[in-house]
$ cat entry03.txt   # compact mmCIF, C-alpha atoms (C1' of nucleotides)
# COMPACT_ATOMS: atom_id res chain seq x y z
CA MET A 1 0.00 0.00 0.00
CA LYS A 2 1.30 3.37 -1.01
CA VAL A 3 1.37 6.00 1.69
CA ASN A 4 0.50 9.55 0.82
CA GLY A 5 3.24 12.08 1.42
CA ALA A 6 2.97 14.90 3.90
CA PRO A 7 -0.51 16.24 4.60
CA LEU A 8 -1.38 19.38 2.69
CA LYS A 9 -0.61 22.75 4.15
CA GLN A 10 -3.95 24.39 4.80
CA GLY A 11 -2.86 28.00 5.08
CA MET A 12 -5.51 30.37 6.33
CA LEU A 13 -8.33 28.12 5.14
CA PRO A 14 -9.16 26.48 8.49
CA GLY A 15 -9.39 29.94 10.02
CA LEU A 16 -12.19 31.04 7.70
CA LEU A 17 -15.62 30.65 9.23
CA GLY A 18 -17.19 30.09 5.83
CA TYR A 19 -14.99 27.09 5.16
CA ARG A 20 -15.60 25.49 8.54
CA LEU A 21 -19.30 26.10 8.21
CA ARG A 22 -19.31 24.38 4.84
CA LEU A 23 -17.57 21.31 6.24
CA ALA A 24 -19.94 21.13 9.18
CA GLN A 25 -23.04 21.62 7.12
CA GLN A 26 -21.93 19.04 4.63
CA ALA A 27 -21.42 16.49 7.35
CA VAL A 28 -24.86 17.20 8.75
CA PHE A 29 -26.42 17.09 5.31
CA ARG A 30 -24.83 13.72 4.68
CA ASP A 31 -26.16 12.24 7.88
CA PHE A 32 -29.61 13.62 7.18
CA SER A 33 -29.72 12.17 3.69
CA ALA A 34 -28.52 8.82 4.95
CA SER A 35 -31.12 8.58 7.68
CA VAL A 36 -34.05 10.27 5.95
CA ALA A 37 -34.20 9.13 2.36
CA GLU A 38 -37.72 10.41 1.69
CA ILE A 39 -36.97 14.10 1.67
CA SER A 40 -34.19 16.66 1.63
CA PRO A 41 -33.20 18.81 4.62
CA GLY A 42 -34.43 22.01 3.04
CA ARG A 43 -37.82 20.64 2.07
CA PHE A 44 -38.21 19.11 5.51
CA GLY A 45 -37.82 22.52 7.08
CA ILE A 46 -40.53 23.90 4.84
CA LEU A 47 -42.90 21.10 5.76
CA LEU A 48 -42.16 21.74 9.42
CA LEU A 49 -43.18 25.38 9.15
CA ILE A 50 -46.32 24.64 7.17
CA ASP A 51 -47.24 22.06 9.77
CA ALA A 52 -46.79 24.60 12.56
CA ASN A 53 -48.57 27.36 10.63
CA PRO A 54 -51.43 25.95 8.58
CA GLY A 55 -52.62 28.30 5.88
CA VAL A 56 -49.40 30.31 5.88
CA THR A 57 -48.63 32.34 2.78
CA GLN A 58 -45.74 31.64 0.43
CA SER A 59 -44.22 35.05 1.03
CA ARG A 60 -44.33 34.78 4.77
CA LEU A 61 -42.86 31.34 4.56
CA ALA A 62 -40.05 32.52 2.33
CA GLN A 63 -39.28 35.36 4.69
CA ALA A 64 -39.26 33.02 7.67
CA VAL A 65 -36.52 30.84 6.20
CA SER A 66 -34.56 33.63 4.48
CA LEU A 67 -35.43 32.70 0.92
CA GLU A 68 -36.72 34.70 -2.04
CA ARG A 69 -40.31 34.28 -3.09
CA SER A 70 -39.12 33.01 -6.44
CA THR A 71 -37.10 30.30 -4.74
CA MET A 72 -40.07 29.14 -2.73
CA VAL A 73 -42.12 28.52 -5.85
CA GLY A 74 -40.01 25.60 -6.98
CA VAL A 75 -39.80 24.01 -3.57
CA LEU A 76 -43.57 24.14 -3.11
CA HIS A 77 -44.17 22.92 -6.62
CA ALA A 78 -42.11 19.87 -5.82
CA LEU A 79 -43.80 19.30 -2.47
CA GLN A 80 -47.18 19.66 -4.10
CA GLY A 81 -46.12 17.27 -6.83
CA SER A 82 -45.23 14.73 -4.15
CA GLY A 83 -48.70 15.14 -2.67
CA LEU A 84 -47.36 16.48 0.61
CA VAL A 85 -48.62 20.05 0.42
CA GLU A 86 -51.80 21.67 -0.79
CA ARG A 87 -52.13 25.22 -2.09
CA ARG A 88 -55.48 26.98 -1.70
CA ARG A 89 -56.32 30.44 -2.97
CA GLY A 90 -56.82 32.86 -0.09
CA THR A 91 -59.53 35.45 0.33
CA ASP A 92 -56.87 37.85 -0.79
CA ARG A 93 -56.80 36.22 -4.17
CA ARG A 94 -53.15 37.07 -4.75
CA THR A 95 -52.09 34.68 -2.04
CA ASN A 96 -51.85 30.93 -1.70
CA GLY A 97 -52.53 29.38 1.67
CA LEU A 98 -50.45 26.31 2.42
CA TRP A 99 -51.53 23.14 4.20
CA LEU A 100 -50.09 19.70 4.68
CA THR A 101 -52.08 16.96 3.00
CA PRO A 102 -52.93 13.81 4.98
CA ARG A 103 -49.95 12.29 3.24
CA GLY A 104 -47.83 15.21 4.39
CA HIS A 105 -48.98 14.79 7.97
CA ALA A 106 -48.28 11.09 7.82
CA LEU A 107 -44.78 11.72 6.56
CA MET A 108 -44.02 14.22 9.27
CA ALA A 109 -45.29 11.84 11.91
CA ARG A 110 -43.20 9.04 10.49
CA LEU A 111 -40.09 11.22 10.31
CA LYS A 112 -40.16 12.76 13.76
CA ARG A 113 -38.26 10.01 15.52
CA ARG A 114 -35.73 9.62 12.77
CA ILE A 115 -35.01 13.35 12.74
CA GLN A 116 -34.41 13.31 16.46
CA ALA A 117 -32.07 10.37 16.07
CA HIS A 118 -30.28 12.24 13.29
CA GLU A 119 -29.86 15.28 15.51
CA ARG A 120 -28.49 13.16 18.36
CA ARG A 121 -26.03 11.50 16.02
CA VAL A 122 -24.88 14.79 14.55
CA ALA A 123 -24.31 16.31 17.97
CA SER A 124 -22.88 13.13 19.42
CA ARG A 125 -19.41 14.60 19.73
CA LEU A 126 -20.78 17.56 21.67
CA SER A 127 -22.00 17.79 25.23
CA ALA A 128 -25.45 19.22 25.75
CA ALA A 129 -23.88 22.46 26.90
CA GLU A 130 -21.60 22.61 23.88
CA ARG A 131 -24.53 22.05 21.58
CA GLU A 132 -26.41 24.96 23.12
CA GLN A 133 -23.30 27.05 22.89
CA LEU A 134 -22.93 26.24 19.22
CA LEU A 135 -26.55 27.08 18.47
CA GLY A 136 -26.13 30.35 20.31
CA LEU A 137 -22.97 31.33 18.47
CA LEU A 138 -24.54 30.46 15.12
CA GLY A 139 -27.48 32.66 16.04
CA LYS A 140 -25.16 35.52 16.89
CA LEU A 141 -23.45 35.10 13.56
CA THR A 142 -26.68 35.38 11.65
CA GLY A 143 -27.77 38.40 13.65
CA MET B 1 -48.43 50.13 5.32
CA LYS B 2 -49.77 46.70 6.01
CA VAL B 3 -48.41 44.98 9.05
CA ASN B 4 -47.79 41.26 8.93
CA GLY B 5 -49.69 39.21 11.46
CA ALA B 6 -48.04 37.20 14.17
CA PRO B 7 -44.57 35.85 13.43
CA LEU B 8 -44.50 32.25 12.29
CA LYS B 9 -44.21 29.47 14.80
CA GLN B 10 -40.88 27.82 14.17
CA GLY B 11 -41.43 24.54 15.95
CA MET B 12 -38.35 22.39 16.32
CA LEU B 13 -36.62 24.02 13.34
CA PRO B 14 -34.37 26.45 15.26
CA GLY B 15 -33.18 23.52 17.35
CA LEU B 16 -31.81 21.65 14.37
CA LEU B 17 -28.11 22.17 13.84
CA GLY B 18 -28.45 21.67 10.11
CA TYR B 19 -30.90 24.51 9.82
CA ARG B 20 -28.85 26.91 11.86
CA LEU B 21 -25.74 25.96 9.94
CA ARG B 22 -27.50 26.69 6.68
CA LEU B 23 -28.57 30.15 7.84
CA ALA B 24 -25.09 30.96 9.08
CA GLN B 25 -23.36 29.68 5.99
CA GLN B 26 -25.72 31.55 3.75
CA ALA B 27 -25.03 34.80 5.57
CA VAL B 28 -21.30 34.24 5.24
CA PHE B 29 -21.64 33.28 1.59
CA ARG B 30 -23.59 36.45 0.91
CA ASP B 31 -20.99 38.66 2.51
CA PHE B 32 -18.22 36.89 0.63
CA SER B 33 -19.94 37.32 -2.71
CA ALA B 34 -20.62 40.97 -2.00
CA SER B 35 -17.04 41.77 -1.07
CA VAL B 36 -15.22 39.46 -3.49
CA ALA B 37 -16.94 39.54 -6.85
CA GLU B 38 -14.13 37.88 -8.78
CA ILE B 39 -14.51 34.38 -7.41
CA SER B 40 -16.74 32.11 -5.36
CA PRO B 41 -15.98 30.96 -1.82
CA GLY B 42 -15.43 27.36 -2.87
CA ARG B 43 -13.06 28.17 -5.69
CA PHE B 44 -11.17 30.55 -3.46
CA GLY B 45 -10.48 27.75 -1.03
CA ILE B 46 -9.12 25.60 -3.83
CA LEU B 47 -6.82 28.38 -5.00
CA LEU B 48 -5.62 28.81 -1.45
CA LEU B 49 -4.60 25.19 -1.17
CA ILE B 50 -2.90 25.11 -4.54
CA ASP B 51 -1.00 28.23 -3.56
CA ALA B 52 0.15 26.61 -0.34
CA ASN B 53 0.97 23.30 -2.03
CA PRO B 54 2.33 23.88 -5.52
CA GLY B 55 2.19 20.77 -7.69
CA VAL B 56 -0.44 19.10 -5.55
CA THR B 57 -2.48 16.36 -7.17
CA GLN B 58 -6.18 16.59 -7.91
CA SER B 59 -6.96 13.61 -5.72
CA ARG B 60 -5.03 14.89 -2.76
CA LEU B 61 -6.68 18.26 -3.15
CA ALA B 62 -10.12 16.71 -3.29
CA GLN B 63 -9.43 14.69 -0.19
CA ALA B 64 -8.16 17.76 1.64
CA VAL B 65 -11.41 19.63 1.17
CA SER B 66 -13.74 16.65 1.48
CA LEU B 67 -14.80 16.48 -2.14
CA GLU B 68 -15.00 13.67 -4.67
CA ARG B 69 -12.41 13.51 -7.42
CA SER B 70 -15.16 13.90 -9.96
CA THR B 71 -16.30 17.12 -8.30
CA MET B 72 -12.83 18.55 -8.41
CA VAL B 73 -12.63 18.12 -12.16
CA GLY B 74 -15.25 20.74 -12.87
CA VAL B 75 -13.86 23.24 -10.40
CA LEU B 76 -10.37 22.96 -11.83
CA HIS B 77 -11.66 23.11 -15.36
CA ALA B 78 -13.28 26.44 -14.54
CA LEU B 79 -10.22 27.77 -12.75
CA GLN B 80 -8.04 26.73 -15.66
CA GLY B 81 -10.48 28.34 -18.06
CA SER B 82 -10.14 31.59 -16.11
CA GLY B 83 -6.38 31.32 -16.47
CA LEU B 84 -5.82 31.05 -12.73
CA VAL B 85 -4.56 27.48 -12.51
CA GLU B 86 -2.26 25.36 -14.63
CA ARG B 87 -2.34 21.56 -14.87
CA ARG B 88 0.87 19.74 -15.70
CA ARG B 89 1.20 16.00 -16.18
CA GLY B 90 3.28 14.46 -13.40
CA THR B 91 6.04 11.87 -13.68
CA ASP B 92 3.36 9.45 -12.60
CA ARG B 93 1.50 10.08 -15.79
CA ARG B 94 -1.87 9.36 -14.24
CA THR B 95 -1.66 12.51 -12.17
CA ASN B 96 -1.97 16.21 -12.84
CA GLY B 97 0.15 18.60 -10.83
CA LEU B 98 -1.52 21.90 -10.04
CA TRP B 99 0.05 25.36 -9.97
CA LEU B 100 -1.22 28.90 -9.82
CA THR B 101 -0.51 30.90 -12.95
CA PRO B 102 0.97 34.40 -12.58
CA ARG B 103 -2.59 35.63 -12.97
CA GLY B 104 -3.66 33.28 -10.18
CA HIS B 105 -0.93 34.58 -7.90
CA ALA B 106 -1.89 38.15 -8.70
CA LEU B 107 -5.50 37.46 -7.86
CA MET B 108 -4.64 35.87 -4.55
CA ALA B 109 -2.42 38.78 -3.63
CA ARG B 110 -5.14 41.24 -4.53
CA LEU B 111 -7.77 39.31 -2.56
CA LYS B 112 -5.90 38.78 0.67
CA ARG B 113 -6.88 42.05 2.32
CA ARG B 114 -10.46 41.85 1.17
CA ILE B 115 -10.83 38.32 2.51
CA GLN B 116 -9.53 39.41 5.87
CA ALA B 117 -11.98 42.31 5.89
CA HIS B 118 -14.73 39.86 4.98
CA GLU B 119 -13.80 37.61 7.86
CA ARG B 120 -13.76 40.50 10.30
CA ARG B 121 -17.17 41.62 9.10
CA VAL B 122 -18.62 38.14 9.36
CA ALA B 123 -17.33 37.68 12.87
CA SER B 124 -18.10 41.23 13.93
CA ARG B 125 -20.86 40.18 16.28
CA LEU B 126 -18.52 37.75 18.03
CA SER B 127 -15.70 38.42 20.43
CA ALA B 128 -12.33 36.94 19.58
CA ALA B 129 -12.91 34.26 22.21
CA GLU B 130 -16.34 33.45 20.86
CA ARG B 131 -14.98 33.14 17.35
CA GLU B 132 -12.36 30.65 18.52
CA GLN B 133 -15.03 28.80 20.44
CA LEU B 134 -17.20 28.60 17.33
CA LEU B 135 -14.35 27.33 15.19
CA GLY B 136 -13.59 24.72 17.82
CA LEU B 137 -17.16 23.52 18.10
CA LEU B 138 -17.50 23.30 14.32
CA GLY B 139 -14.35 21.25 14.26
CA LYS B 140 -15.71 18.90 16.87
CA LEU B 141 -18.87 18.51 14.84
CA THR B 142 -16.96 17.47 11.75
CA GLY B 143 -14.85 15.07 13.71
C1' DA C 1 -60.76 56.14 -11.17
C1' DG C 2 -55.97 55.93 -11.23
C1' DC C 3 -51.46 54.94 -9.34
C1' DA C 4 -48.58 52.21 -6.07
C1' DA C 5 -47.51 48.07 -3.77
C1' DT C 6 -47.87 43.07 -3.02
C1' DT C 7 -48.07 38.16 -4.50
C1' DG C 8 -46.99 34.39 -7.08
C1' DT C 9 -44.75 33.09 -11.24
C1' DT C 10 -41.47 32.27 -15.15
C1' DC C 11 -36.99 32.40 -17.01
C1' DG C 12 -32.22 32.39 -17.00
C1' DG C 13 -28.33 31.97 -14.27
C1' DG C 14 -24.97 30.12 -10.72
C1' DC C 15 -22.80 27.39 -6.95
C1' DC C 16 -22.04 23.10 -4.87
C1' DC C 17 -22.01 18.05 -4.68
C1' DC C 18 -22.56 12.89 -5.63
C1' DC C 19 -22.38 8.18 -8.01
C1' DA C 20 -21.47 4.87 -11.76
C1' DA C 21 -18.68 3.70 -15.33
C1' DC C 22 -14.50 4.10 -18.02
C1' DA C 23 -9.53 4.40 -20.09
C1' DA C 24 -4.88 5.09 -19.06
C1' DA C 25 -1.28 4.26 -16.12
C1' DT C 26 0.94 2.25 -12.29
C1' DA C 27 1.54 -1.09 -8.41
C1' DT C 28 1.56 -5.88 -6.95
C1' DG C 29 2.38 -10.57 -6.49
C1' DA C 30 2.82 -15.19 -8.33
C1' DT D 1 7.66 -10.99 -16.49
C1' DC D 2 2.79 -11.28 -16.99
C1' DA D 3 -1.74 -11.07 -15.26
C1' DT D 4 -4.46 -8.75 -11.92
C1' DA D 5 -5.62 -5.09 -8.71
C1' DT D 6 -5.51 -0.32 -7.68
C1' DT D 7 -5.17 4.56 -8.54
C1' DT D 8 -6.12 8.82 -11.22
C1' DG D 9 -8.57 11.74 -13.91
C1' DT D 10 -12.60 12.03 -16.62
C1' DT D 11 -17.44 11.96 -18.56
C1' DG D 12 -22.36 11.87 -18.04
C1' DG D 13 -26.36 12.09 -15.46
C1' DG D 14 -28.44 13.56 -11.40
C1' DG D 15 -29.87 16.47 -7.28
C1' DG D 16 -30.01 20.27 -3.85
C1' DC D 17 -30.10 24.98 -3.16
C1' DC D 18 -30.36 29.98 -4.26
C1' DC D 19 -30.83 34.62 -6.73
C1' DG D 20 -32.51 38.71 -9.73
C1' DA D 21 -35.28 40.70 -13.48
C1' DA D 22 -39.52 41.00 -15.44
C1' DC D 23 -44.51 40.05 -15.65
C1' DA D 24 -49.83 39.56 -14.79
C1' DA D 25 -53.26 39.53 -11.39
C1' DT D 26 -54.92 41.53 -7.45
C1' DT D 27 -55.33 44.67 -3.83
C1' DG D 28 -54.29 49.15 -1.23
C1' DC D 29 -54.29 53.97 -1.34
C1' DT D 30 -55.55 58.52 -2.60

$ encode --input "entry03.txt" --output "structure tokens"
Amino acid sequence: MKVNGAPLKQGMLPGLLGYRLRLAQQAVFRDFSASVAEISPGRFGILLLIDANPGVTQSRLAQAVSLERSTMVGVLHALQGSGLVERRRGTDRRTNGLWLTPRGHALMARLKRRIQAHERRVASRLSAAEREQLLGLLGKLTG
Amino acid sequence: MKVNGAPLKQGMLPGLLGYRLRLAQQAVFRDFSASVAEISPGRFGILLLIDANPGVTQSRLAQAVSLERSTMVGVLHALQGSGLVERRRGTDRRTNGLWLTPRGHALMARLKRRIQAHERRVASRLSAAEREQLLGLLGKLTG
DNA sequence: AGCAATTGTTCGGGCCCCCAACAAATATGA
DNA sequence: TCATATTTGTTGGGGGCCCGAACAATTGCT
């Protein structure tokens, strides 16, 4: 077996928050995908918010997760195509109200435990206090 | 001016590390793109490593930044197309050695200050100690 | 009634990433 | 040395995630 030479010099790269955030997020994304094959992390978050706020508008939803309205369209189109979300025209006929379909509710119920397991696994190298600390620092970063 | 109703209920979403990481990374990405128009965060990292390890192989580079070899191909193709990176066949004729072109070196020199300013701006809401703490916790997460 | 603002949408663009399969080249071991 | 295994870069197809400009329909405002 051939042994690789010296490890690469990393320079300032490990000191850049953006780089470290990418590595961390990628690791989390990987674990999520491995444990929850039915849906992607981003779409799951959307479903979560619709579940907690039945009838919510696309714009409000987009704002809540820091996305553009135009981005939300595609996500919801996909979720609707999968039969997980229903769009209903609001009394303000410009708006669409969003609801989970029975299928959507069933999925969320089925996923709850697996998501919690995923979160435990992801944070397994952290103590409870460290996890809180991390969440807090990330919140500070976002502002 | 119309006032939006109650803020959305977020449910378990803010407690998910993946979600918070996405928000944070997106904020950092935005600031990077705004302050460094010439190149993307990912490509910048690649240039950094090539600069610090002249002649490095594509595979070793991919491994260093947790990417697949096949992913690296496209990135390097783009960087080569922009005249920032040069590929030379190694003595092991399976490999390509990677070097920055003069133009690549010039770019990196020109970007150094702006990247540092970007990093300061991104971490501006954090104390120096908190920033170190965050980097450490992210490192723990990745393992 | 007329102008301004909001909502959802389309369209085009970009970044980031993976897997399977493959040819060329090198390493390995009988 | 020759056959086999491994490594490297590559192509091709796929997916996730995100934005801005421009537009029609609808509503708010005056």

$ interface_residues --input "entry03.txt" --of "chain D" --to "chain A" --cutoff "12 Å" --atoms "all atoms listed in the file" --output "PyMOL selection string"
chain D and resi 5-7+15-21+24-28

$ atom_distance --input "entry03.txt" --atom1 "atom CA of Gly11 of chain A" --atom2 "atom CA of Asp51 of chain B"
8.8 Å

$ closest_atom_pairs --input "entry03.txt" --of "chain A" --to "chain B" --cutoff "6 Å" --atoms "all atoms listed in the file" --output "CSV"
residue,atom,partner,partner_atom,distance
A:Lys9,CA,B:Ala52,CA,6.0
A:Gly18,CA,B:Val28,CA,5.9
A:Leu21,CA,B:Gln25,CA,5.9
A:Ala24,CA,B:Thr142,CA,5.4
A:Gln25,CA,B:Leu21,CA,5.8
A:Val28,CA,B:Gly18,CA,5.9
A:Ala52,CA,B:Lys9,CA,5.9
A:Thr142,CA,B:Ala24,CA,5.4

$ residues_around --input "entry03.txt" --residues "Arg69 of chain A" --least-positions-apart "4" --cutoff "8 Å" --atoms "only C-alpha atoms (C1' of nucleotides)" --output "ChimeraX atom specification"
/A:58-59,62-63,73 /C:8

$ closest_atom_pairs --input "entry03.txt" --of "chain C" --to "chain A" --cutoff "10 Å" --atoms "all atoms listed in the file" --output "Markdown table"
| residue | atom | partner | partner_atom | distance |
| --- | --- | --- | --- | --- |
| C:DT6 | C1' | A:Arg94 | CA | 8.2 |
| C:DT7 | C1' | A:Arg94 | CA | 5.2 |
| C:DG8 | C1' | A:Arg94 | CA | 7.1 |
| C:DT9 | C1' | A:Ser70 | CA | 7.4 |
| C:DT10 | C1' | A:Ser70 | CA | 9.1 |
| C:DC17 | C1' | A:Gln26 | CA | 9.4 |
| C:DA27 | C1' | A:Met1 | CA | 8.6 |
| C:DT28 | C1' | A:Met1 | CA | 9.2 |

$ atom_distance --input "entry03.txt" --atom1 "atom CA of Gly55 of chain B" --atom2 "atom CA of Glu86 of chain B"
9.4 Å

$ atom_distance --input "entry03.txt" --atom1 "atom C1' of DG12 of chain C" --atom2 "atom CA of Gly83 of chain B"
25.9 Å

$ closest_residue --input "entry03.txt" --among "A:Pro54, A:Arg113, A:Arg121, A:Ala37" --to "Val85 of chain A" --atoms "only C-alpha atoms"
A:Pro54

$ build_atoms --input "entry03.txt" --residues "segment 106-124 of chain A" --atoms "N, CA, C and O atoms" --output "PDB file, keeping the file's coordinate frame"
ATOM      1  N   ALA A 106     -48.775  12.445   7.542  1.00  0.00           N
ATOM      2  CA  ALA A 106     -48.280  11.090   7.820  1.00  0.00           C
ATOM      3  C   ALA A 106     -46.757  11.053   7.734  1.00  0.00           C
ATOM      4  O   ALA A 106     -46.093  10.473   8.602  1.00  0.00           O
ATOM      5  N   LEU A 107     -46.237  11.702   6.714  1.00  0.00           N
ATOM      6  CA  LEU A 107     -44.780  11.720   6.560  1.00  0.00           C
ATOM      7  C   LEU A 107     -44.115  12.373   7.758  1.00  0.00           C
ATOM      8  O   LEU A 107     -43.150  11.843   8.325  1.00  0.00           O
ATOM      9  N   MET A 108     -44.626  13.514   8.150  1.00  0.00           N
ATOM     10  CA  MET A 108     -44.020  14.220   9.270  1.00  0.00           C
ATOM     11  C   MET A 108     -44.063  13.373  10.544  1.00  0.00           C
ATOM     12  O   MET A 108     -43.103  13.351  11.322  1.00  0.00           O
ATOM     13  N   ALA A 109     -45.181  12.687  10.732  1.00  0.00           N
ATOM     14  CA  ALA A 109     -45.290  11.840  11.910  1.00  0.00           C
ATOM     15  C   ALA A 109     -44.263  10.714  11.858  1.00  0.00           C
ATOM     16  O   ALA A 109     -43.600  10.402  12.843  1.00  0.00           O
ATOM     17  N   ARG A 110     -44.126  10.155  10.676  1.00  0.00           N
ATOM     18  CA  ARG A 110     -43.200   9.040  10.490  1.00  0.00           C
ATOM     19  C   ARG A 110     -41.754   9.473  10.665  1.00  0.00           C
ATOM     20  O   ARG A 110     -40.891   8.705  11.095  1.00  0.00           O
ATOM     21  N   LEU A 111     -41.472  10.745  10.321  1.00  0.00           N
ATOM     22  CA  LEU A 111     -40.090  11.220  10.310  1.00  0.00           C
ATOM     23  C   LEU A 111     -39.595  11.726  11.667  1.00  0.00           C
ATOM     24  O   LEU A 111     -38.389  11.775  11.917  1.00  0.00           O
ATOM     25  N   LYS A 112     -40.519  12.064  12.524  1.00  0.00           N
ATOM     26  CA  LYS A 112     -40.160  12.760  13.760  1.00  0.00           C
ATOM     27  C   LYS A 112     -39.042  12.053  14.531  1.00  0.00           C
ATOM     28  O   LYS A 112     -38.026  12.647  14.882  1.00  0.00           O
ATOM     29  N   ARG A 113     -39.252  10.763  14.746  1.00  0.00           N
ATOM     30  CA  ARG A 113     -38.260  10.010  15.520  1.00  0.00           C
ATOM     31  C   ARG A 113     -36.916   9.958  14.799  1.00  0.00           C
ATOM     32  O   ARG A 113     -35.860  10.100  15.413  1.00  0.00           O
ATOM     33  N   ARG A 114     -36.984   9.757  13.503  1.00  0.00           N
ATOM     34  CA  ARG A 114     -35.730   9.620  12.770  1.00  0.00           C
ATOM     35  C   ARG A 114     -34.949  10.931  12.750  1.00  0.00           C
ATOM     36  O   ARG A 114     -33.721  10.942  12.781  1.00  0.00           O
ATOM     37  N   ILE A 115     -35.678  12.054  12.711  1.00  0.00           N
ATOM     38  CA  ILE A 115     -35.010  13.350  12.740  1.00  0.00           C
ATOM     39  C   ILE A 115     -34.322  13.558  14.081  1.00  0.00           C
ATOM     40  O   ILE A 115     -33.186  14.036  14.152  1.00  0.00           O
ATOM     41  N   GLN A 116     -35.016  13.166  15.135  1.00  0.00           N
ATOM     42  CA  GLN A 116     -34.410  13.310  16.460  1.00  0.00           C
ATOM     43  C   GLN A 116     -33.156  12.447  16.583  1.00  0.00           C
ATOM     44  O   GLN A 116     -32.140  12.874  17.144  1.00  0.00           O
ATOM     45  N   ALA A 117     -33.245  11.251  16.051  1.00  0.00           N
ATOM     46  CA  ALA A 117     -32.070  10.370  16.070  1.00  0.00           C
ATOM     47  C   ALA A 117     -30.927  11.000  15.272  1.00  0.00           C
ATOM     48  O   ALA A 117     -29.771  10.973  15.693  1.00  0.00           O
ATOM     49  N   HIS A 118     -31.281  11.553  14.130  1.00  0.00           N
ATOM     50  CA  HIS A 118     -30.280  12.240  13.290  1.00  0.00           C
ATOM     51  C   HIS A 118     -29.608  13.354  14.084  1.00  0.00           C
ATOM     52  O   HIS A 118     -28.375  13.481  14.064  1.00  0.00           O
ATOM     53  N   GLU A 119     -30.418  14.156  14.764  1.00  0.00           N
ATOM     54  CA  GLU A 119     -29.860  15.280  15.510  1.00  0.00           C
ATOM     55  C   GLU A 119     -28.927  14.782  16.622  1.00  0.00           C
ATOM     56  O   GLU A 119     -27.860  15.347  16.840  1.00  0.00           O
ATOM     57  N   ARG A 120     -29.345  13.730  17.305  1.00  0.00           N
ATOM     58  CA  ARG A 120     -28.490  13.160  18.360  1.00  0.00           C
ATOM     59  C   ARG A 120     -27.157  12.699  17.774  1.00  0.00           C
ATOM     60  O   ARG A 120     -26.098  12.940  18.337  1.00  0.00           O
ATOM     61  N   ARG A 121     -27.242  12.028  16.639  1.00  0.00           N
ATOM     62  CA  ARG A 121     -26.030  11.500  16.020  1.00  0.00           C
ATOM     63  C   ARG A 121     -25.095  12.634  15.612  1.00  0.00           C
ATOM     64  O   ARG A 121     -23.884  12.582  15.826  1.00  0.00           O
ATOM     65  N   VAL A 122     -25.680  13.665  15.011  1.00  0.00           N
ATOM     66  CA  VAL A 122     -24.880  14.790  14.550  1.00  0.00           C
ATOM     67  C   VAL A 122     -24.173  15.483  15.710  1.00  0.00           C
ATOM     68  O   VAL A 122     -23.025  15.910  15.595  1.00  0.00           O
ATOM     69  N   ALA A 123     -24.871  15.595  16.820  1.00  0.00           N
ATOM     70  CA  ALA A 123     -24.310  16.310  17.970  1.00  0.00           C
ATOM     71  C   ALA A 123     -23.620  15.373  18.941  1.00  0.00           C
ATOM     72  O   ALA A 123     -23.284  15.770  20.056  1.00  0.00           O
ATOM     73  N   SER A 124     -23.377  14.150  18.488  1.00  0.00           N
ATOM     74  CA  SER A 124     -22.880  13.130  19.420  1.00  0.00           C
ATOM     75  C   SER A 124     -21.500  13.471  19.977  1.00  0.00           C
ATOM     76  O   SER A 124     -21.155  13.038  21.064  1.00  0.00           O
TER      77      SER A 124
END
